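Participant: I am sharing data.txt, which consists of compact mmCIF, N, CA and C atoms:
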```txt
# COMPACT_ATOMS: atom_id res chain seq x y z
N MET A 1 -19.62 45.23 5.72
CA MET A 1 -20.73 44.83 6.58
C MET A 1 -20.44 43.44 7.14
N PRO A 2 -20.59 43.25 8.45
CA PRO A 2 -20.29 41.95 9.06
C PRO A 2 -21.23 40.86 8.57
N LEU A 3 -20.75 39.65 8.67
CA LEU A 3 -21.51 38.46 8.30
C LEU A 3 -22.59 38.21 9.35
N SER A 4 -23.70 37.65 8.94
CA SER A 4 -24.77 37.30 9.87
C SER A 4 -25.03 35.80 9.81
N ASP A 5 -25.66 35.28 10.86
CA ASP A 5 -25.94 33.85 10.90
C ASP A 5 -26.87 33.41 9.76
N PRO A 6 -27.94 34.16 9.45
CA PRO A 6 -28.77 33.77 8.31
C PRO A 6 -28.01 33.75 6.99
N ALA A 7 -27.07 34.67 6.83
CA ALA A 7 -26.27 34.69 5.60
C ALA A 7 -25.41 33.43 5.51
N CYS A 8 -24.88 32.98 6.64
CA CYS A 8 -24.09 31.74 6.65
C CYS A 8 -24.98 30.55 6.31
N LYS A 9 -26.15 30.54 6.91
CA LYS A 9 -27.08 29.43 6.73
C LYS A 9 -27.57 29.35 5.28
N ASN A 10 -27.82 30.49 4.67
CA ASN A 10 -28.41 30.53 3.33
C ASN A 10 -27.38 30.53 2.20
N ALA A 11 -26.10 30.47 2.53
CA ALA A 11 -25.07 30.46 1.49
C ALA A 11 -25.18 29.16 0.69
N LYS A 12 -25.37 29.29 -0.60
CA LYS A 12 -25.53 28.13 -1.48
C LYS A 12 -24.23 27.87 -2.23
N PRO A 13 -23.93 26.59 -2.50
CA PRO A 13 -22.71 26.28 -3.25
C PRO A 13 -22.81 26.76 -4.70
N LYS A 14 -21.66 27.11 -5.26
CA LYS A 14 -21.56 27.53 -6.66
C LYS A 14 -20.57 26.62 -7.36
N ASP A 15 -20.27 26.92 -8.62
CA ASP A 15 -19.34 26.09 -9.39
C ASP A 15 -17.93 26.11 -8.81
N LYS A 16 -17.56 27.24 -8.23
CA LYS A 16 -16.23 27.39 -7.64
C LYS A 16 -16.36 27.81 -6.18
N PRO A 17 -15.35 27.51 -5.35
CA PRO A 17 -15.40 27.97 -3.96
C PRO A 17 -15.45 29.50 -3.91
N TYR A 18 -16.17 30.04 -2.95
CA TYR A 18 -16.22 31.49 -2.78
C TYR A 18 -16.24 31.83 -1.29
N LYS A 19 -15.93 33.09 -1.00
CA LYS A 19 -15.81 33.55 0.39
C LYS A 19 -16.88 34.57 0.71
N LEU A 20 -17.39 34.48 1.94
CA LEU A 20 -18.27 35.50 2.49
C LEU A 20 -17.49 36.17 3.61
N ALA A 21 -17.13 37.43 3.43
CA ALA A 21 -16.27 38.13 4.38
C ALA A 21 -17.05 38.58 5.60
N ASP A 22 -16.40 38.50 6.76
CA ASP A 22 -16.94 39.04 7.99
C ASP A 22 -16.16 40.33 8.29
N GLU A 23 -15.24 40.31 9.20
CA GLU A 23 -14.38 41.44 9.48
C GLU A 23 -13.13 40.97 10.18
N LYS A 24 -12.07 41.77 10.10
CA LYS A 24 -10.79 41.49 10.75
C LYS A 24 -10.18 40.18 10.27
N GLY A 25 -10.37 39.87 8.99
CA GLY A 25 -9.73 38.70 8.39
C GLY A 25 -10.55 37.43 8.42
N LEU A 26 -11.67 37.42 9.12
CA LEU A 26 -12.52 36.23 9.21
C LEU A 26 -13.42 36.13 7.99
N PHE A 27 -13.55 34.92 7.46
CA PHE A 27 -14.48 34.70 6.35
C PHE A 27 -15.01 33.28 6.38
N LEU A 28 -16.12 33.09 5.68
CA LEU A 28 -16.73 31.77 5.52
C LEU A 28 -16.44 31.30 4.11
N LEU A 29 -15.77 30.17 3.98
CA LEU A 29 -15.45 29.60 2.68
C LEU A 29 -16.54 28.59 2.33
N VAL A 30 -17.21 28.80 1.22
CA VAL A 30 -18.28 27.91 0.77
C VAL A 30 -17.75 27.13 -0.43
N ASN A 31 -17.68 25.81 -0.30
CA ASN A 31 -17.15 24.94 -1.35
C ASN A 31 -18.26 24.44 -2.27
N PRO A 32 -17.90 23.98 -3.47
CA PRO A 32 -18.91 23.49 -4.41
C PRO A 32 -19.71 22.29 -3.89
N ASN A 33 -19.14 21.52 -2.97
CA ASN A 33 -19.87 20.36 -2.43
C ASN A 33 -20.82 20.77 -1.31
N GLY A 34 -20.88 22.07 -0.96
CA GLY A 34 -21.81 22.57 0.04
C GLY A 34 -21.19 22.72 1.43
N SER A 35 -19.96 22.28 1.62
CA SER A 35 -19.33 22.43 2.94
C SER A 35 -18.95 23.89 3.17
N LYS A 36 -19.02 24.30 4.44
CA LYS A 36 -18.75 25.70 4.80
C LYS A 36 -17.73 25.71 5.93
N TYR A 37 -16.64 26.45 5.72
CA TYR A 37 -15.55 26.50 6.68
C TYR A 37 -15.24 27.94 7.09
N PHE A 38 -15.07 28.15 8.40
CA PHE A 38 -14.60 29.44 8.87
C PHE A 38 -13.08 29.46 8.79
N ARG A 39 -12.54 30.52 8.21
CA ARG A 39 -11.10 30.69 8.06
C ARG A 39 -10.72 32.10 8.50
N LEU A 40 -9.48 32.23 8.96
CA LEU A 40 -8.93 33.53 9.32
C LEU A 40 -7.67 33.75 8.52
N LYS A 41 -7.66 34.83 7.77
CA LYS A 41 -6.50 35.20 6.98
C LYS A 41 -5.70 36.22 7.78
N TYR A 42 -4.39 35.96 7.92
CA TYR A 42 -3.55 36.88 8.69
C TYR A 42 -2.13 36.87 8.14
N ARG A 43 -1.32 37.79 8.63
CA ARG A 43 0.08 37.86 8.25
C ARG A 43 0.93 37.67 9.48
N PHE A 44 2.00 36.86 9.32
CA PHE A 44 2.96 36.64 10.39
C PHE A 44 4.35 36.60 9.77
N ASP A 45 5.24 37.42 10.29
CA ASP A 45 6.60 37.56 9.74
C ASP A 45 6.57 37.89 8.25
N GLY A 46 5.63 38.71 7.85
CA GLY A 46 5.56 39.15 6.47
C GLY A 46 4.96 38.14 5.51
N LYS A 47 4.52 37.00 6.02
CA LYS A 47 3.92 35.97 5.15
C LYS A 47 2.43 35.87 5.43
N GLU A 48 1.68 35.72 4.35
CA GLU A 48 0.24 35.54 4.49
C GLU A 48 -0.05 34.10 4.88
N LYS A 49 -0.88 33.92 5.91
CA LYS A 49 -1.23 32.59 6.39
C LYS A 49 -2.73 32.50 6.61
N MET A 50 -3.21 31.27 6.80
CA MET A 50 -4.62 31.04 7.02
C MET A 50 -4.80 30.05 8.16
N LEU A 51 -5.75 30.36 9.05
CA LEU A 51 -6.04 29.53 10.20
C LEU A 51 -7.45 28.96 10.06
N ALA A 52 -7.58 27.65 10.21
CA ALA A 52 -8.90 27.00 10.17
C ALA A 52 -9.55 27.16 11.54
N LEU A 53 -10.77 27.67 11.58
CA LEU A 53 -11.46 27.90 12.84
C LEU A 53 -12.62 26.94 13.08
N GLY A 54 -13.04 26.22 12.07
CA GLY A 54 -14.12 25.25 12.27
C GLY A 54 -15.04 25.15 11.08
N VAL A 55 -15.94 24.19 11.18
CA VAL A 55 -16.91 23.90 10.12
C VAL A 55 -18.27 24.43 10.56
N TYR A 56 -18.93 25.14 9.66
CA TYR A 56 -20.28 25.63 9.94
C TYR A 56 -21.26 24.50 9.65
N PRO A 57 -22.25 24.20 10.44
CA PRO A 57 -22.79 24.88 11.60
C PRO A 57 -22.24 24.36 12.95
N GLU A 58 -21.34 23.35 12.95
CA GLU A 58 -20.79 22.86 14.22
C GLU A 58 -20.11 23.99 14.99
N THR A 59 -19.43 24.85 14.27
CA THR A 59 -18.82 26.05 14.86
C THR A 59 -19.71 27.23 14.49
N SER A 60 -20.25 27.88 15.50
CA SER A 60 -21.15 29.00 15.24
C SER A 60 -20.35 30.24 14.84
N LEU A 61 -21.05 31.21 14.31
CA LEU A 61 -20.41 32.47 13.93
C LEU A 61 -19.85 33.16 15.17
N LYS A 62 -20.56 33.08 16.28
CA LYS A 62 -20.10 33.68 17.53
C LYS A 62 -18.80 33.04 18.00
N LYS A 63 -18.73 31.71 17.95
CA LYS A 63 -17.52 30.98 18.36
C LYS A 63 -16.36 31.30 17.42
N ALA A 64 -16.63 31.38 16.14
CA ALA A 64 -15.58 31.72 15.16
C ALA A 64 -15.03 33.12 15.44
N ARG A 65 -15.89 34.05 15.81
CA ARG A 65 -15.44 35.41 16.12
C ARG A 65 -14.59 35.41 17.40
N GLU A 66 -14.99 34.61 18.39
CA GLU A 66 -14.18 34.51 19.61
C GLU A 66 -12.80 33.93 19.30
N ASP A 67 -12.77 32.89 18.48
CA ASP A 67 -11.50 32.29 18.09
C ASP A 67 -10.64 33.28 17.30
N ARG A 68 -11.29 34.06 16.45
CA ARG A 68 -10.56 35.09 15.69
C ARG A 68 -9.93 36.10 16.64
N ASP A 69 -10.70 36.54 17.64
CA ASP A 69 -10.17 37.52 18.59
C ASP A 69 -9.00 36.94 19.39
N ASN A 70 -9.10 35.67 19.78
CA ASN A 70 -7.99 35.02 20.49
C ASN A 70 -6.75 34.94 19.61
N ALA A 71 -6.95 34.60 18.34
CA ALA A 71 -5.82 34.51 17.41
C ALA A 71 -5.18 35.89 17.22
N ARG A 72 -5.99 36.92 17.16
CA ARG A 72 -5.44 38.27 16.99
C ARG A 72 -4.66 38.71 18.23
N LYS A 73 -5.10 38.28 19.42
CA LYS A 73 -4.35 38.56 20.64
C LYS A 73 -2.99 37.86 20.60
N GLN A 74 -2.99 36.61 20.12
CA GLN A 74 -1.72 35.88 20.00
C GLN A 74 -0.80 36.58 19.02
N LEU A 75 -1.34 37.06 17.92
CA LEU A 75 -0.53 37.78 16.93
C LEU A 75 0.06 39.05 17.55
N ALA A 76 -0.74 39.73 18.36
CA ALA A 76 -0.25 40.95 19.01
C ALA A 76 0.89 40.63 19.98
N ASP A 77 0.88 39.42 20.55
CA ASP A 77 1.94 38.99 21.47
C ASP A 77 3.12 38.36 20.75
N GLY A 78 3.07 38.32 19.41
CA GLY A 78 4.16 37.77 18.62
C GLY A 78 4.13 36.26 18.50
N ILE A 79 2.96 35.66 18.67
CA ILE A 79 2.79 34.21 18.58
C ILE A 79 2.00 33.88 17.32
N ASP A 80 2.50 32.91 16.54
CA ASP A 80 1.79 32.46 15.34
C ASP A 80 0.65 31.53 15.79
N PRO A 81 -0.62 31.89 15.55
CA PRO A 81 -1.75 31.07 16.01
C PRO A 81 -1.73 29.65 15.46
N ASN A 82 -1.29 29.47 14.21
CA ASN A 82 -1.24 28.14 13.62
C ASN A 82 -0.22 27.26 14.35
N GLU A 83 0.96 27.80 14.61
CA GLU A 83 2.00 27.05 15.31
C GLU A 83 1.57 26.75 16.74
N ASN A 84 0.91 27.69 17.38
CA ASN A 84 0.41 27.47 18.73
C ASN A 84 -0.62 26.35 18.76
N LYS A 85 -1.51 26.35 17.76
CA LYS A 85 -2.55 25.32 17.67
C LYS A 85 -1.92 23.94 17.49
N LYS A 86 -0.89 23.85 16.65
CA LYS A 86 -0.19 22.59 16.43
C LYS A 86 0.52 22.13 17.70
N ALA A 87 1.14 23.06 18.43
CA ALA A 87 1.86 22.71 19.66
C ALA A 87 0.90 22.19 20.73
N VAL A 88 -0.25 22.82 20.85
CA VAL A 88 -1.25 22.37 21.83
C VAL A 88 -1.75 20.98 21.47
N LYS A 89 -2.01 20.75 20.19
CA LYS A 89 -2.49 19.44 19.73
C LYS A 89 -1.45 18.36 20.00
N GLN A 90 -0.17 18.67 19.75
CA GLN A 90 0.90 17.71 19.97
C GLN A 90 1.07 17.41 21.45
N SER A 91 0.98 18.41 22.30
CA SER A 91 1.14 18.18 23.74
C SER A 91 -0.01 17.33 24.28
N LYS A 92 -1.22 17.52 23.75
CA LYS A 92 -2.34 16.67 24.17
C LYS A 92 -2.12 15.23 23.75
N ALA A 93 -1.60 15.02 22.54
CA ALA A 93 -1.32 13.66 22.06
C ALA A 93 -0.23 13.00 22.91
N GLU A 94 0.79 13.76 23.28
CA GLU A 94 1.87 13.22 24.10
C GLU A 94 1.37 12.86 25.49
N SER A 95 0.53 13.70 26.07
CA SER A 95 0.03 13.41 27.42
C SER A 95 -0.90 12.19 27.39
N ALA A 96 -1.65 12.02 26.30
CA ALA A 96 -2.50 10.84 26.18
C ALA A 96 -1.66 9.58 26.02
N ALA A 97 -0.55 9.68 25.31
CA ALA A 97 0.33 8.53 25.12
C ALA A 97 1.03 8.13 26.41
N ASN A 98 1.19 9.07 27.32
CA ASN A 98 1.85 8.78 28.59
C ASN A 98 0.86 8.57 29.73
N SER A 99 -0.36 8.20 29.40
CA SER A 99 -1.35 7.98 30.43
C SER A 99 -1.02 6.72 31.23
N PHE A 100 -1.59 6.60 32.39
CA PHE A 100 -1.31 5.46 33.26
C PHE A 100 -1.68 4.14 32.58
N GLU A 101 -2.80 4.13 31.87
CA GLU A 101 -3.24 2.88 31.23
C GLU A 101 -2.21 2.40 30.21
N VAL A 102 -1.68 3.30 29.40
CA VAL A 102 -0.69 2.92 28.39
C VAL A 102 0.55 2.37 29.06
N ILE A 103 1.03 3.03 30.09
CA ILE A 103 2.23 2.59 30.79
C ILE A 103 1.98 1.25 31.48
N ALA A 104 0.80 1.07 32.09
CA ALA A 104 0.48 -0.19 32.75
C ALA A 104 0.42 -1.34 31.75
N ARG A 105 -0.16 -1.10 30.60
CA ARG A 105 -0.23 -2.16 29.58
C ARG A 105 1.16 -2.52 29.06
N GLU A 106 2.03 -1.51 28.87
CA GLU A 106 3.40 -1.80 28.45
C GLU A 106 4.12 -2.64 29.50
N TRP A 107 3.96 -2.29 30.77
CA TRP A 107 4.57 -3.06 31.85
C TRP A 107 4.07 -4.49 31.84
N TYR A 108 2.76 -4.66 31.69
CA TYR A 108 2.16 -5.98 31.69
C TYR A 108 2.73 -6.84 30.56
N GLU A 109 2.79 -6.29 29.36
CA GLU A 109 3.32 -7.03 28.22
C GLU A 109 4.79 -7.40 28.42
N ARG A 110 5.56 -6.49 28.99
CA ARG A 110 6.99 -6.73 29.18
C ARG A 110 7.26 -7.74 30.29
N ASN A 111 6.48 -7.69 31.38
CA ASN A 111 6.76 -8.54 32.54
C ASN A 111 5.98 -9.84 32.57
N MET A 112 4.92 -9.95 31.84
CA MET A 112 4.11 -11.16 31.89
C MET A 112 4.32 -12.07 30.69
N GLY A 113 5.19 -11.70 29.78
CA GLY A 113 5.40 -12.51 28.58
C GLY A 113 6.00 -13.87 28.86
N ASP A 114 6.82 -14.01 29.90
CA ASP A 114 7.49 -15.28 30.19
C ASP A 114 6.78 -16.09 31.27
N LYS A 115 5.61 -15.69 31.69
CA LYS A 115 4.86 -16.38 32.74
C LYS A 115 3.96 -17.45 32.12
N SER A 116 3.52 -18.37 32.95
CA SER A 116 2.65 -19.43 32.48
C SER A 116 1.27 -18.86 32.12
N THR A 117 0.52 -19.64 31.37
CA THR A 117 -0.80 -19.18 30.96
C THR A 117 -1.73 -19.05 32.16
N ASP A 118 -1.61 -19.95 33.14
CA ASP A 118 -2.45 -19.86 34.34
C ASP A 118 -2.14 -18.58 35.12
N HIS A 119 -0.86 -18.27 35.21
CA HIS A 119 -0.44 -17.05 35.91
C HIS A 119 -0.96 -15.81 35.17
N ASN A 120 -0.83 -15.82 33.85
CA ASN A 120 -1.32 -14.69 33.05
C ASN A 120 -2.83 -14.52 33.20
N LYS A 121 -3.57 -15.65 33.21
CA LYS A 121 -5.02 -15.57 33.36
C LYS A 121 -5.38 -14.96 34.71
N ALA A 122 -4.67 -15.37 35.76
CA ALA A 122 -4.94 -14.87 37.10
C ALA A 122 -4.63 -13.37 37.17
N CYS A 123 -3.52 -12.96 36.62
CA CYS A 123 -3.14 -11.54 36.65
C CYS A 123 -4.00 -10.73 35.70
N ASN A 124 -4.40 -11.34 34.60
CA ASN A 124 -5.20 -10.62 33.63
C ASN A 124 -6.52 -10.21 34.23
N GLY A 125 -7.10 -11.06 35.08
CA GLY A 125 -8.33 -10.70 35.75
C GLY A 125 -8.16 -9.52 36.67
N ILE A 126 -7.01 -9.41 37.29
CA ILE A 126 -6.73 -8.30 38.20
C ILE A 126 -6.53 -7.02 37.41
N VAL A 127 -5.76 -7.10 36.32
CA VAL A 127 -5.45 -5.91 35.53
C VAL A 127 -6.70 -5.37 34.85
N ARG A 128 -7.55 -6.21 34.34
CA ARG A 128 -8.72 -5.76 33.58
C ARG A 128 -9.90 -5.38 34.49
N ALA A 129 -9.87 -5.76 35.73
CA ALA A 129 -10.99 -5.49 36.63
C ALA A 129 -11.12 -4.04 36.97
```
In structure tokens, what does this structure look like?
Facilitator:
Amino acid sequence: MPLSDPACKNAKPKDKPYKLADEKGLFLLVNPNGSKYFRLKYRFDGKEKMLALGVYPETSLKKAREDRDNARKQLADGIDPNENKKAVKQSKAESAANSFEVIAREWYERNMGDKSTDHNKACNGIVRA
């Protein structure tokens, strides 16, 4: 029987972590401290793996099911959802590191280090404006 939102909401912590199963590998992990996590259990290349889908209630049951379906599509295409998630996260971090502001600040530090303080003050007002 599929998981329901009231069942997620009313899940109480116990002495040990326990799972409330949904379907197609999705489950809600309830920890002794009361935290609730959506997880997806799957197999890739013959190995059992687990994908974190979010924390309840920030991630709704509907959103967790959508994420599960997307992960299953990736598996059908021969893509490991965990590796894909890591690659997307890394590419976002790299693009943020190469933003114009970062490059402009590096240029400023490299080219304005040997200038007078008056010159730096004048340019600093332009750069920060």
Participant: Produce a table with one row for each residue of segment 28-51 of chain A that has an atom at most 7 Å from any atom of segment 68-84 of chain A, each row naming the nearest atom pair and its distance in Å at one decimal; use all atoms listed in the file; arrange rows by chain and rising residue number; format as a Markdown table.
Facilitator:
```
| residue | atom | partner | partner_atom | distance |
| --- | --- | --- | --- | --- |
| A:Leu40 | CA | A:Arg68 | CA | 6.8 |
| A:Phe44 | CA | A:Asp80 | CA | 6.6 |
| A:Met50 | C | A:Asn82 | CA | 6.8 |
| A:Leu51 | CA | A:Asn82 | CA | 6.1 |
```
Participant: What does the distance between atom CA of Arg43 of chain A and atom CA of Glu66 of chain A come to in Å, to one decimal place?
Facilitator: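 Pair atom CA of Arg43 of chain A / atom CA of Glu66 of chain A returns 18.5 Å.
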Participant: Just to confirm, what's the straight-line distance from atom CA of Lys49 of chain A to atom CA of Asn10 of chain A in Å (one decimal)?
Facilitator: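 For atom CA of Lys49 of chain A relative to atom CA of Asn10 of chain A, the distance reads 27.4 Å.
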Participant: Rounded to one decimal place, report the atom CA of Pro2 of chain A-atom CA of Ala21 of chain A distance in Å.
Facilitator: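 It comes out at 7.3 Å.
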Participant: Check the DSSP output for the backbone and give back, as a list in words, the residues of chain A in strand (DSSP E or B).
Facilitator: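 Listing strand (DSSP E or B) positions across chain A yields Tyr18, Lys19, Leu20, Ala21, Leu26, Phe27, Leu28, Leu29, Val30, Lys36, Tyr37, Phe38, Arg39, Leu40, Lys41, Tyr42, Arg43, Phe44, Lys47, Glu48, Lys49, Met50, Leu51, Ala52, Leu53, Gly54, Val55 and Tyr56 of chain A.
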Participant: Would you mind exporting N, CA and C atoms of the selected residues as a CSV table (one decimal), in the coordinates of the input?
Facilitator:
```csv
chain,number,residue,atom,x,y,z
A,18,TYR,N,-16.2,30.0,-3.0
A,18,TYR,CA,-16.2,31.5,-2.8
A,18,TYR,C,-16.2,31.8,-1.3
A,19,LYS,N,-15.9,33.1,-1.0
A,19,LYS,CA,-15.8,33.6,0.4
A,19,LYS,C,-16.9,34.6,0.7
A,20,LEU,N,-17.4,34.5,1.9
A,20,LEU,CA,-18.3,35.5,2.5
A,20,LEU,C,-17.5,36.2,3.6
A,21,ALA,N,-17.1,37.4,3.4
A,21,ALA,CA,-16.3,38.1,4.4
A,21,ALA,C,-17.0,38.6,5.6
A,26,LEU,N,-11.7,37.4,9.1
A,26,LEU,CA,-12.5,36.2,9.2
A,26,LEU,C,-13.4,36.1,8.0
A,27,PHE,N,-13.6,34.9,7.5
A,27,PHE,CA,-14.5,34.7,6.4
A,27,PHE,C,-15.0,33.3,6.4
A,28,LEU,N,-16.1,33.1,5.7
A,28,LEU,CA,-16.7,31.8,5.5
A,28,LEU,C,-16.4,31.3,4.1
A,29,LEU,N,-15.8,30.2,4.0
A,29,LEU,CA,-15.4,29.6,2.7
A,29,LEU,C,-16.5,28.6,2.3
A,30,VAL,N,-17.2,28.8,1.2
A,30,VAL,CA,-18.3,27.9,0.8
A,30,VAL,C,-17.8,27.1,-0.4
A,36,LYS,N,-19.0,24.3,4.4
A,36,LYS,CA,-18.8,25.7,4.8
A,36,LYS,C,-17.7,25.7,5.9
A,37,TYR,N,-16.6,26.4,5.7
A,37,TYR,CA,-15.6,26.5,6.7
A,37,TYR,C,-15.2,27.9,7.1
A,38,PHE,N,-15.1,28.2,8.4
A,38,PHE,CA,-14.6,29.4,8.9
A,38,PHE,C,-13.1,29.5,8.8
A,39,ARG,N,-12.5,30.5,8.2
A,39,ARG,CA,-11.1,30.7,8.1
A,39,ARG,C,-10.7,32.1,8.5
A,40,LEU,N,-9.5,32.2,9.0
A,40,LEU,CA,-8.9,33.5,9.3
A,40,LEU,C,-7.7,33.8,8.5
A,41,LYS,N,-7.7,34.8,7.8
A,41,LYS,CA,-6.5,35.2,7.0
A,41,LYS,C,-5.7,36.2,7.8
A,42,TYR,N,-4.4,36.0,7.9
A,42,TYR,CA,-3.6,36.9,8.7
A,42,TYR,C,-2.1,36.9,8.1
A,43,ARG,N,-1.3,37.8,8.6
A,43,ARG,CA,0.1,37.9,8.2
A,43,ARG,C,0.9,37.7,9.5
A,44,PHE,N,2.0,36.9,9.3
A,44,PHE,CA,3.0,36.6,10.4
A,44,PHE,C,4.4,36.6,9.8
A,47,LYS,N,4.5,37.0,6.0
A,47,LYS,CA,3.9,36.0,5.2
A,47,LYS,C,2.4,35.9,5.4
A,48,GLU,N,1.7,35.7,4.4
A,48,GLU,CA,0.2,35.5,4.5
A,48,GLU,C,0.0,34.1,4.9
A,49,LYS,N,-0.9,33.9,5.9
A,49,LYS,CA,-1.2,32.6,6.4
A,49,LYS,C,-2.7,32.5,6.6
A,50,MET,N,-3.2,31.3,6.8
A,50,MET,CA,-4.6,31.0,7.0
A,50,MET,C,-4.8,30.0,8.2
A,51,LEU,N,-5.8,30.4,9.0
A,51,LEU,CA,-6.0,29.5,10.2
A,51,LEU,C,-7.4,29.0,10.1
A,52,ALA,N,-7.6,27.6,10.2
A,52,ALA,CA,-8.9,27.0,10.2
A,52,ALA,C,-9.6,27.2,11.5
A,53,LEU,N,-10.8,27.7,11.6
A,53,LEU,CA,-11.5,27.9,12.8
A,53,LEU,C,-12.6,26.9,13.1
A,54,GLY,N,-13.0,26.2,12.1
A,54,GLY,CA,-14.1,25.2,12.3
A,54,GLY,C,-15.0,25.2,11.1
A,55,VAL,N,-15.9,24.2,11.2
A,55,VAL,CA,-16.9,23.9,10.1
A,55,VAL,C,-18.3,24.4,10.6
A,56,TYR,N,-18.9,25.1,9.7
A,56,TYR,CA,-20.3,25.6,9.9
A,56,TYR,C,-21.3,24.5,9.6
```
